[in-house]
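Next up, run31.cif (mmCIF, C-alpha atoms):
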data_data
loop_
_atom_site.label_atom_id
_atom_site.label_comp_id
_atom_site.auth_asym_id
_atom_site.auth_seq_id
_atom_site.Cartn_x
_atom_site.Cartn_y
_atom_site.Cartn_z
CA MET A 1 -2.46 93.64 -175.39
CA GLN A 2 -5.39 96.05 -175.08
CA ARG A 3 -7.47 95.26 -172.01
CA GLY A 4 -11.23 95.74 -171.96
CA VAL A 5 -13.17 98.76 -170.78
CA VAL A 6 -13.89 99.05 -167.06
CA VAL A 7 -17.58 99.87 -166.62
CA ILE A 8 -18.21 101.96 -163.51
CA GLY A 9 -21.58 100.81 -162.19
CA ALA A 10 -23.59 97.61 -162.29
CA GLY A 11 -27.25 98.65 -162.12
CA GLY A 12 -29.96 99.06 -164.72
CA HIS A 13 -28.27 101.96 -166.49
CA ALA A 14 -25.05 99.95 -166.64
CA LYS A 15 -26.89 97.08 -168.35
CA VAL A 16 -27.99 99.36 -171.19
CA CYS A 17 -24.50 100.83 -171.50
CA ILE A 18 -22.89 97.38 -171.55
CA GLU A 19 -25.13 96.39 -174.45
CA LEU A 20 -24.25 99.64 -176.25
CA LEU A 21 -20.54 99.01 -175.81
CA ARG A 22 -20.90 95.44 -177.03
CA SER A 23 -22.84 96.60 -180.09
CA MET A 24 -19.89 98.88 -180.89
CA GLY A 25 -17.52 95.93 -180.68
CA THR A 26 -15.91 97.28 -177.51
CA PRO A 27 -14.50 94.58 -175.20
CA ILE A 28 -15.46 94.89 -171.55
CA GLY A 29 -13.19 93.75 -168.73
CA TYR A 30 -14.98 94.34 -165.45
CA CYS A 31 -17.72 96.33 -163.77
CA VAL A 32 -16.86 98.18 -160.57
CA ALA A 33 -19.69 98.97 -158.18
CA GLU A 34 -20.09 99.94 -154.53
CA SER A 35 -22.27 96.91 -153.87
CA GLY A 36 -24.59 94.47 -155.59
CA SER A 37 -24.36 91.22 -157.51
CA LYS A 38 -21.13 89.61 -158.68
CA ASP A 39 -22.25 89.67 -162.30
CA CYS A 40 -23.87 92.19 -164.67
CA LEU A 41 -24.96 90.77 -168.05
CA GLY A 42 -22.09 88.31 -167.87
CA VAL A 43 -19.49 90.90 -166.87
CA PRO A 44 -17.79 90.17 -163.51
CA VAL A 45 -18.43 92.83 -160.87
CA LEU A 46 -15.73 93.96 -158.46
CA GLU A 47 -17.06 95.60 -155.31
CA GLY A 48 -15.66 98.85 -153.98
CA ASP A 49 -14.24 102.02 -155.50
CA ALA A 50 -10.72 100.90 -154.51
CA GLU A 51 -10.93 98.29 -157.26
CA LEU A 52 -10.51 101.07 -159.83
CA GLN A 53 -7.01 101.69 -158.55
CA SER A 54 -6.21 97.97 -158.62
CA LEU A 55 -7.41 97.66 -162.22
CA ARG A 56 -5.42 100.69 -163.29
CA ARG A 57 -2.28 99.15 -161.79
CA ALA A 58 -3.10 95.94 -163.65
CA GLY A 59 -2.96 97.81 -166.97
CA TYR A 60 -6.57 98.75 -167.62
CA ARG A 61 -6.73 102.26 -169.04
CA LEU A 62 -10.23 102.71 -170.51
CA ALA A 63 -13.36 103.30 -168.45
CA PHE A 64 -16.99 104.14 -168.97
CA PRO A 65 -19.18 105.78 -166.27
CA ALA A 66 -22.48 103.87 -166.19
CA VAL A 67 -24.24 105.38 -163.18
CA GLY A 68 -27.57 107.14 -163.50
CA SER A 69 -27.11 109.68 -160.69
CA ASN A 70 -25.50 112.79 -162.12
CA ALA A 71 -23.53 113.70 -158.99
CA VAL A 72 -22.28 110.15 -158.42
CA ARG A 73 -21.40 109.69 -162.10
CA LEU A 74 -19.35 112.88 -162.03
CA ARG A 75 -17.60 111.92 -158.78
CA LEU A 76 -16.65 108.44 -159.96
CA SER A 77 -15.60 109.68 -163.40
CA THR A 78 -13.35 112.29 -161.83
CA ALA A 79 -11.81 109.63 -159.58
CA ALA A 80 -11.16 107.40 -162.60
CA ILE A 81 -9.56 110.24 -164.58
CA ASP A 82 -7.36 111.11 -161.60
CA LEU A 83 -6.15 107.50 -161.61
CA GLY A 84 -5.18 107.81 -165.26
CA PHE A 85 -8.19 106.25 -166.97
CA GLU A 86 -9.44 107.56 -170.30
CA LEU A 87 -13.23 107.77 -170.61
CA VAL A 88 -14.82 106.22 -173.69
CA ASN A 89 -18.27 106.86 -175.18
CA ALA A 90 -21.19 104.48 -175.66
CA VAL A 91 -23.20 105.57 -178.71
CA SER A 92 -25.98 103.45 -180.19
CA SER A 93 -25.85 102.71 -183.90
CA ALA A 94 -29.59 103.49 -183.83
CA ALA A 95 -28.89 107.09 -182.74
CA VAL A 96 -28.44 109.99 -185.16
CA VAL A 97 -25.54 112.29 -184.29
CA SER A 98 -24.75 115.25 -186.55
CA PRO A 99 -21.19 115.34 -187.90
CA THR A 100 -20.97 118.94 -186.67
CA ALA A 101 -21.99 118.08 -183.10
CA LYS A 102 -19.21 118.27 -180.52
CA ILE A 103 -19.24 115.26 -178.23
CA GLY A 104 -17.24 115.02 -175.02
CA ALA A 105 -15.96 111.93 -173.21
CA GLY A 106 -17.79 109.36 -171.11
CA ILE A 107 -21.08 110.07 -172.88
CA ALA A 108 -24.01 107.69 -173.38
CA VAL A 109 -26.25 108.20 -176.41
CA MET A 110 -29.08 105.66 -176.44
CA ALA A 111 -31.08 104.13 -179.27
CA GLY A 112 -33.38 106.52 -181.11
CA ALA A 113 -31.68 109.65 -179.79
CA VAL A 114 -31.08 112.53 -182.21
CA ILE A 115 -28.36 115.17 -181.76
CA ASN A 116 -28.52 117.86 -184.42
CA ALA A 117 -26.12 120.37 -185.97
CA ASP A 118 -23.59 122.35 -183.91
CA THR A 119 -24.82 120.99 -180.61
CA VAL A 120 -22.31 120.51 -177.78
CA ILE A 121 -22.62 117.56 -175.41
CA GLY A 122 -20.50 117.88 -172.26
CA ASP A 123 -18.46 115.11 -170.69
CA MET A 124 -20.34 112.35 -168.83
CA ALA A 125 -23.73 113.47 -170.17
CA ILE A 126 -26.56 111.04 -170.97
CA ILE A 127 -28.82 111.48 -173.99
CA ASN A 128 -31.32 108.76 -173.26
CA THR A 129 -33.61 106.62 -175.40
CA GLY A 130 -35.53 108.56 -178.03
CA ALA A 131 -34.49 112.00 -176.79
CA THR A 132 -34.05 114.73 -179.41
CA VAL A 133 -31.59 117.57 -179.01
CA ASP A 134 -31.90 120.07 -181.83
CA HIS A 135 -29.40 122.46 -183.41
CA ASP A 136 -27.06 124.71 -181.42
CA CYS A 137 -27.95 123.25 -178.03
CA HIS A 138 -25.45 122.98 -175.20
CA ILE A 139 -25.77 120.11 -172.72
CA GLY A 140 -23.58 120.52 -169.63
CA VAL A 141 -21.19 118.16 -167.91
CA ALA A 142 -22.87 115.13 -166.29
CA ALA A 143 -26.35 116.30 -167.32
CA HIS A 144 -29.05 113.73 -168.11
CA ILE A 145 -31.67 114.16 -170.82
CA ALA A 146 -34.17 111.39 -170.06
CA PRO A 147 -36.06 109.21 -172.57
CA GLN A 148 -38.38 110.95 -175.05
CA CYS A 149 -37.38 114.49 -174.10
CA GLY A 150 -37.59 117.05 -176.90
CA LEU A 151 -35.24 120.02 -176.88
CA ALA A 152 -35.75 122.67 -179.56
CA GLY A 153 -32.89 124.72 -180.98
CA ASN A 154 -30.51 126.87 -178.93
CA VAL A 155 -31.43 125.31 -175.57
CA LYS A 156 -28.79 125.34 -172.84
CA VAL A 157 -28.82 122.78 -170.01
CA GLY A 158 -26.41 123.35 -167.13
CA ASP A 159 -24.01 120.93 -165.50
CA ARG A 160 -25.55 118.03 -163.55
CA SER A 161 -29.12 118.99 -164.44
CA PHE A 162 -31.76 116.32 -164.99
CA LEU A 163 -34.67 116.55 -167.43
CA GLY A 164 -37.25 113.90 -166.57
CA ILE A 165 -38.88 111.60 -169.08
CA GLY A 166 -40.90 113.31 -171.80
CA CYS A 167 -39.94 116.93 -171.07
CA GLN A 168 -40.41 119.49 -173.84
CA ILE A 169 -38.22 122.59 -174.00
CA ILE A 170 -39.01 125.53 -176.31
CA PRO A 171 -36.27 127.29 -178.35
CA GLY A 172 -33.67 129.41 -176.62
CA VAL A 173 -34.42 128.41 -173.03
CA VAL A 174 -31.52 128.43 -170.56
CA ILE A 175 -31.68 125.83 -167.76
CA GLY A 176 -29.13 126.37 -165.01
CA ALA A 177 -26.90 123.89 -163.21
CA ASP A 178 -28.25 121.30 -160.78
CA VAL A 179 -31.84 121.75 -161.97
CA THR A 180 -34.42 118.96 -161.85
CA VAL A 181 -37.31 119.15 -164.33
CA GLY A 182 -40.18 116.77 -163.56
CA ALA A 183 -41.42 114.18 -166.03
CA GLY A 184 -43.71 115.48 -168.77
CA SER A 185 -43.00 119.14 -168.05
CA VAL A 186 -43.08 121.86 -170.69
CA VAL A 187 -40.41 124.49 -170.14
CA ILE A 188 -41.17 127.88 -171.70
CA ALA A 189 -38.91 130.15 -169.61
CA ASP A 190 -35.38 130.13 -168.22
CA ILE A 191 -34.80 128.19 -165.00
CA PRO A 192 -32.19 129.41 -162.47
CA SER A 193 -29.63 126.98 -161.10
CA GLY A 194 -30.62 124.67 -158.27
CA GLN A 195 -34.39 124.76 -158.84
CA ARG A 196 -36.85 121.87 -159.01
CA VAL A 197 -39.70 122.52 -161.43
CA ALA A 198 -42.60 120.58 -162.91
CA GLY A 199 -45.84 121.05 -164.80
CA VAL A 200 -47.30 122.53 -167.97
CA PRO A 201 -45.89 125.09 -168.08
CA ALA A 202 -43.12 124.19 -165.66
CA LYS A 203 -43.14 126.08 -162.37
CA PRO A 204 -41.01 125.85 -159.20
CA LEU A 205 -42.10 123.14 -156.78
CA LYS A 206 -43.05 124.28 -153.31
CA HIS A 207 -41.05 122.89 -150.42
CA SER A 208 -43.17 120.92 -147.95
#

Structure translated into C-alpha coordinates:
Amino acid sequence: MQRGVVVIGAGGHAKVCIELLRSMGTPIGYCVAESGSKDCLGVPVLEGDAELQSLRRAGYRLAFPAVGSNAVRLRLSTAAIDLGFELVNAVSSAAVVSPTAKIGAGIAVMAGAVINADTVIGDMAIINTGATVDHDCHIGVAAHIAPQCGLAGNVKVGDRSFLGIGCQIIPGVVIGADVTVGAGSVVIADIPSGQRVAGVPAKPLKHS
(Lines of atoms letter the chains of each structure in order from A and count residues from 1; the text may use other names and numbers.)
(Lines give C-alpha, C1' and ligand atoms only; values in the text may rest on other atoms or scores of the structure.)
Protein backbone atom coordinates (compact mmCIF):
# COMPACT_ATOMS: atom_id res chain seq x y z
CA MET A 1 0.00 0.00 0.00
CA GLN A 2 1.29 3.45 -0.95
CA ARG A 3 1.83 5.59 2.13
CA GLY A 4 1.23 9.34 2.11
CA VAL A 5 3.75 12.08 1.47
CA VAL A 6 5.85 13.25 4.40
CA VAL A 7 5.76 17.06 4.50
CA ILE A 8 8.97 18.52 5.91
CA GLY A 9 7.91 21.62 7.83
CA ALA A 10 4.80 22.74 9.67
CA GLY A 11 4.74 26.54 9.41
CA GLY A 12 2.88 28.97 7.19
CA HIS A 13 4.62 27.87 4.00
CA ALA A 14 3.82 24.26 4.85
CA LYS A 15 0.12 25.13 5.17
CA VAL A 16 0.03 26.45 1.60
CA CYS A 17 1.94 23.42 0.32
CA ILE A 18 -0.37 21.00 2.15
CA GLU A 19 -3.36 22.60 0.45
CA LEU A 20 -1.58 22.37 -2.92
CA LEU A 21 -0.84 18.69 -2.41
CA ARG A 22 -4.42 18.02 -1.36
CA SER A 23 -5.74 19.84 -4.43
CA MET A 24 -3.61 17.48 -6.54
CA GLY A 25 -5.17 14.49 -4.83
CA THR A 26 -1.91 13.62 -3.08
CA PRO A 27 -2.37 11.84 0.28
CA ILE A 28 -0.33 13.24 3.16
CA GLY A 29 0.95 11.07 5.99
CA TYR A 30 2.77 13.30 8.45
CA CYS A 31 4.54 16.61 8.86
CA VAL A 32 8.01 16.59 10.39
CA ALA A 33 9.21 19.77 12.06
CA GLU A 34 11.90 20.80 14.54
CA SER A 35 9.31 22.21 16.92
CA GLY A 36 5.81 23.65 17.01
CA SER A 37 2.25 22.41 17.26
CA LYS A 38 1.19 18.77 17.04
CA ASP A 39 -1.08 19.47 14.08
CA CYS A 40 -0.85 21.39 10.79
CA LEU A 41 -4.15 21.72 8.89
CA GLY A 42 -5.21 18.37 10.27
CA VAL A 43 -1.93 16.62 9.49
CA PRO A 44 -0.18 15.17 12.57
CA VAL A 45 3.22 16.74 13.26
CA LEU A 46 6.18 14.68 14.46
CA GLU A 47 8.88 16.72 16.19
CA GLY A 48 12.54 16.33 15.37
CA ASP A 49 14.56 15.58 12.24
CA ALA A 50 15.17 12.02 13.50
CA GLU A 51 11.53 11.27 12.72
CA LEU A 52 12.39 11.29 9.02
CA GLN A 53 14.52 8.21 9.52
CA SER A 54 11.77 6.50 11.53
CA LEU A 55 9.20 7.20 8.82
CA ARG A 56 11.51 5.91 6.11
CA ARG A 57 11.98 2.68 8.05
CA ALA A 58 8.20 2.46 8.38
CA GLY A 59 7.84 2.44 4.59
CA TYR A 60 7.26 6.07 3.72
CA ARG A 61 9.18 6.95 0.57
CA LEU A 62 7.78 10.27 -0.71
CA ALA A 63 8.56 13.65 0.82
CA PHE A 64 7.96 17.30 0.11
CA PRO A 65 10.17 20.11 1.52
CA ALA A 66 7.83 22.81 2.85
CA VAL A 67 10.24 25.21 4.57
CA GLY A 68 10.55 28.83 3.49
CA SER A 69 14.23 29.32 4.33
CA ASN A 70 16.31 28.39 1.31
CA ALA A 71 19.30 27.06 3.25
CA VAL A 72 17.16 25.03 5.67
CA ARG A 73 14.98 23.67 2.86
CA LEU A 74 18.07 22.50 0.99
CA ARG A 75 19.60 20.93 4.12
CA LEU A 76 16.46 19.02 5.06
CA SER A 77 15.79 17.95 1.49
CA THR A 78 19.32 16.60 1.17
CA ALA A 79 18.90 14.71 4.43
CA ALA A 80 15.63 13.19 3.18
CA ILE A 81 17.19 12.14 -0.14
CA ASP A 82 20.12 10.57 1.70
CA LEU A 83 17.60 8.51 3.67
CA GLY A 84 16.06 7.26 0.44
CA PHE A 85 13.08 9.58 0.09
CA GLU A 86 11.92 10.74 -3.33
CA LEU A 87 10.90 14.41 -3.50
CA VAL A 88 7.53 15.21 -5.07
CA ASN A 89 6.28 18.53 -6.46
CA ALA A 90 3.37 20.70 -5.35
CA VAL A 91 1.98 22.57 -8.37
CA SER A 92 -1.26 24.56 -8.23
CA SER A 93 -3.88 23.85 -10.86
CA ALA A 94 -4.22 27.64 -11.04
CA ALA A 95 -0.60 27.99 -12.23
CA VAL A 96 0.45 28.02 -15.89
CA VAL A 97 3.51 25.89 -16.63
CA SER A 98 4.78 25.63 -20.21
CA PRO A 99 5.04 22.08 -21.57
CA THR A 100 8.62 22.90 -22.61
CA ALA A 101 9.67 24.06 -19.13
CA LYS A 102 12.00 21.71 -17.26
CA ILE A 103 10.91 21.24 -13.67
CA GLY A 104 13.05 19.60 -11.01
CA ALA A 105 11.98 17.79 -7.84
CA GLY A 106 10.64 19.13 -4.56
CA ILE A 107 9.34 22.29 -6.23
CA ALA A 108 6.40 24.46 -5.14
CA VAL A 109 4.51 26.42 -7.79
CA MET A 110 1.75 28.50 -6.23
CA ALA A 111 -1.57 29.74 -7.58
CA GLY A 112 -1.33 32.35 -10.32
CA ALA A 113 2.31 31.63 -11.10
CA VAL A 114 3.38 31.51 -14.75
CA ILE A 115 6.43 29.60 -16.03
CA ASN A 116 7.01 30.14 -19.73
CA ALA A 117 8.76 28.29 -22.57
CA ASP A 118 12.14 26.58 -22.13
CA THR A 119 12.59 27.78 -18.57
CA VAL A 120 14.46 25.55 -16.12
CA ILE A 121 13.39 25.37 -12.47
CA GLY A 122 15.97 23.75 -10.19
CA ASP A 123 15.21 21.26 -7.44
CA MET A 124 13.59 22.58 -4.24
CA ALA A 125 12.81 25.99 -5.79
CA ILE A 126 9.70 28.01 -4.92
CA ILE A 127 7.76 29.97 -7.53
CA ASN A 128 5.36 31.77 -5.25
CA THR A 129 1.87 33.21 -5.67
CA GLY A 130 1.41 35.26 -8.83
CA ALA A 131 5.09 35.25 -9.81
CA THR A 132 5.88 35.22 -13.54
CA VAL A 133 9.00 33.61 -14.95
CA ASP A 134 9.30 34.23 -18.68
CA HIS A 135 10.96 32.25 -21.46
CA ASP A 136 14.46 30.77 -21.23
CA CYS A 137 14.97 31.63 -17.57
CA HIS A 138 17.01 29.46 -15.22
CA ILE A 139 16.06 29.33 -11.54
CA GLY A 140 18.69 27.66 -9.36
CA VAL A 141 18.43 24.95 -6.73
CA ALA A 142 16.52 25.99 -3.59
CA ALA A 143 15.93 29.52 -4.91
CA HIS A 144 12.74 31.39 -3.95
CA ILE A 145 10.87 33.72 -6.29
CA ALA A 146 8.45 35.52 -3.95
CA PRO A 147 4.84 36.52 -4.68
CA GLN A 148 4.20 38.92 -7.58
CA CYS A 149 7.77 38.95 -8.86
CA GLY A 150 8.16 39.48 -12.60
CA LEU A 151 11.13 37.96 -14.39
CA ALA A 152 11.58 38.83 -18.07
CA GLY A 153 13.16 36.43 -20.55
CA ASN A 154 16.63 34.90 -20.22
CA VAL A 155 17.04 35.77 -16.52
CA LYS A 156 19.29 33.52 -14.44
CA VAL A 157 18.85 33.23 -10.66
CA GLY A 158 21.55 31.36 -8.74
CA ASP A 159 21.20 28.62 -6.17
CA ARG A 160 19.61 29.59 -2.84
CA SER A 161 18.91 33.17 -3.92
CA PHE A 162 15.80 34.98 -2.71
CA LEU A 163 13.84 37.58 -4.70
CA GLY A 164 11.55 39.49 -2.34
CA ILE A 165 7.91 40.21 -3.01
CA GLY A 166 7.19 42.29 -6.10
CA CYS A 167 10.70 42.35 -7.61
CA GLN A 168 11.03 43.14 -11.31
CA ILE A 169 13.97 41.78 -13.32
CA ILE A 170 14.77 43.03 -16.84
CA PRO A 171 15.74 40.61 -19.67
CA GLY A 172 19.07 38.82 -19.59
CA VAL A 173 20.09 39.69 -16.03
CA VAL A 174 22.26 37.17 -14.17
CA ILE A 175 21.74 36.98 -10.39
CA GLY A 176 24.39 34.96 -8.57
CA ALA A 177 24.04 32.39 -5.81
CA ASP A 178 23.00 33.31 -2.26
CA VAL A 179 21.73 36.75 -3.30
CA THR A 180 18.92 38.55 -1.48
CA VAL A 181 16.91 41.10 -3.47
CA GLY A 182 14.71 43.35 -1.33
CA ALA A 183 10.96 43.63 -1.83
CA GLY A 184 9.84 45.87 -4.69
CA SER A 185 13.31 46.17 -6.21
CA VAL A 186 13.94 46.64 -9.92
CA VAL A 187 17.03 44.78 -11.10
CA ILE A 188 18.61 46.19 -14.27
CA ALA A 189 22.17 44.82 -13.96
CA ASP A 190 23.87 41.56 -13.00
CA ILE A 191 24.31 40.87 -9.28
CA PRO A 192 27.37 38.94 -8.04
CA SER A 193 26.92 36.01 -5.67
CA GLY A 194 26.42 36.70 -1.99
CA GLN A 195 25.17 40.29 -2.29
CA ARG A 196 22.14 41.92 -0.66
CA VAL A 197 20.54 44.56 -2.87
CA ALA A 198 17.41 46.70 -2.83
CA GLY A 199 15.86 49.74 -4.47
CA VAL A 200 14.86 51.16 -7.83
CA PRO A 201 17.19 50.43 -9.45
CA ALA A 202 18.57 47.80 -7.10
CA LYS A 203 21.89 48.65 -5.47
CA PRO A 204 24.05 46.89 -2.85
CA LEU A 205 22.99 47.52 0.73
CA LYS A 206 25.57 49.10 2.99
CA HIS A 207 26.63 47.14 6.04
CA SER A 208 25.89 48.96 9.30

Closest atom pairs, stretch 27-135 of chain A residues within 12 Å of stretch 173-182 of chain A, all atoms listed in the file, as a Markdown table:
| residue | atom | partner | partner_atom | distance |
| --- | --- | --- | --- | --- |
| A:Ser69 | CA | A:Asp178 | CA | 11.7 |
| A:Asn70 | CA | A:Asp178 | CA | 9.0 |
| A:Ala71 | CA | A:Asp178 | CA | 9.1 |

I'd like the contact shell of A:Val5 - 7 Å cut-off, all atoms listed in the file, skipping same-chain residues fewer than 4 positions apart - returned as an NGL selection string.
:A and (27-29 or 62-64)

Go through stretch 35-135 of chain A residue by residue and, counting only C-alpha atoms, keep those with an atom at most 8 Å from stretch 140-163 of chain A; for each kept residue give the shortest atom pair and its distance in Å to one decimal, ordered by chain and increasing number, as a Markdown table.
| residue | atom | partner | partner_atom | distance |
| --- | --- | --- | --- | --- |
| A:Asn70 | CA | A:Arg160 | CA | 5.4 |
| A:Ala71 | CA | A:Arg160 | CA | 6.6 |
| A:Arg73 | CA | A:Ala142 | CA | 7.0 |
| A:Leu74 | CA | A:Ala142 | CA | 6.0 |
| A:Ile121 | CA | A:Gly140 | CA | 6.6 |
| A:Gly122 | CA | A:Val141 | CA | 4.4 |
| A:Asp123 | CA | A:Val141 | CA | 4.9 |
| A:Met124 | CA | A:Ala142 | CA | 4.5 |
| A:Ala125 | CA | A:Ala142 | CA | 4.3 |
| A:Ile126 | CA | A:His144 | CA | 4.6 |
| A:Ile127 | CA | A:Ile145 | CA | 5.0 |
| A:Asn128 | CA | A:Pro147 | CA | 4.8 |
| A:Thr129 | CA | A:Pro147 | CA | 4.6 |
| A:Gly130 | CA | A:Gln148 | CA | 4.8 |
| A:Ala131 | CA | A:Gln148 | CA | 4.4 |
| A:Thr132 | CA | A:Gly150 | CA | 4.9 |
| A:Val133 | CA | A:Leu151 | CA | 4.9 |
| A:Asp134 | CA | A:Gly153 | CA | 4.8 |
| A:His135 | CA | A:Gly153 | CA | 4.8 |

Between atom CA of A:Gly166 and atom CA of A:Val97 lies a distance of 19.8 Å

A straight line from atom CA of A:Ala79 to atom CA of A:Ala95 spans 28.9 Å

Can you tell me which residues surround A:Val186 at a distance of at most 6 Å, considering all atoms listed in the file, apart from same-chain residues fewer than 2 positions away, and format the answer as an MDAnalysis selection string?
chainID A and resid 167:169 200:202

Write a file of the just-selected residues containing C-alpha atoms, as a tab-separated table (two decimals), keeping the file's coordinate frame.
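The resulting file, again_18.tsv, is reproduced below:
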chain	number	residue	atom	x	y	z
A	167	CYS	CA	-39.94	116.93	-171.07
A	168	GLN	CA	-40.41	119.49	-173.84
A	169	ILE	CA	-38.22	122.59	-174.00
A	200	VAL	CA	-47.30	122.53	-167.97
A	201	PRO	CA	-45.89	125.09	-168.08
A	202	ALA	CA	-43.12	124.19	-165.66

**Message:** To one decimal place in Å, what is the distance between atom CA of A:Glu47 and atom CA of A:Lys15?
**Reply:**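 Atom-to-atom, atom CA of A:Glu47 and atom CA of A:Lys15 are spaced 16.4 Å apart.
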
* To do: Starting from the shown file, work through the PyMOL selection byres ((chain A and resi 26) around 12) and note down what comes out as a PyMOL selection string.
  => chain A and resi 2-7+17-25+27-29+62-64+88-91

Of the residues A:Arg56, A:Ile107, A:Cys40, A:Lys102, which is the one nearest to A:Leu83, using all atoms listed in the file?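 Smallest separation from A:Leu83 among the options: A:Arg56.
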
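The nearest approach to A:Ile165 among the residues A:Val109, A:Val72, A:Ala189, A:Ala183, with only C-alpha atoms taken into account, belongs to A:Ala183.
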
Name the residues in contact with stretch 48-55 of chain A at a cut-off of 9 Å, using only C-alpha atoms, excluding same-chain residues fewer than 3 positions from it; report them as number ranges by chain. A: 6, 8, 30, 32-35, 58-61, 76, 79-80, 83

task = Go through A:Pro65, A:Gly36, A:Gly42, A:Pro171 one by one, measure the shortest atom-to-atom distance of each to A:Ser77 using all atoms listed in the file, and give the residue with the smallest value.
result =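 Of all the options, A:Pro65 lies closest to A:Ser77.
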
| request: Please provide the set of residues having any atom within 8 Å of A:Ala117, restricted to only C-alpha atoms, with same-chain residues fewer than 2 positions apart removed, written as a list in words. | output: Ser98, Pro99, Thr100, Ala101, Ile115, Thr119, Asp134, His135 and Asp136 of chain A

Keeping only C-alpha atoms, write those residues as a PDB file, keeping the file's coordinate frame.
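The new file out05.pdb reads:
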ATOM      1  CA  SER A  98     -24.750 115.250-186.550  1.00  0.00           C
ATOM      2  CA  PRO A  99     -21.190 115.340-187.900  1.00  0.00           C
ATOM      3  CA  THR A 100     -20.970 118.940-186.670  1.00  0.00           C
ATOM      4  CA  ALA A 101     -21.990 118.080-183.100  1.00  0.00           C
ATOM      5  CA  ILE A 115     -28.360 115.170-181.760  1.00  0.00           C
ATOM      6  CA  THR A 119     -24.820 120.990-180.610  1.00  0.00           C
ATOM      7  CA  ASP A 134     -31.900 120.070-181.830  1.00  0.00           C
ATOM      8  CA  HIS A 135     -29.400 122.460-183.410  1.00  0.00           C
ATOM      9  CA  ASP A 136     -27.060 124.710-181.420  1.00  0.00           C
TER      10      ASP A 136
END
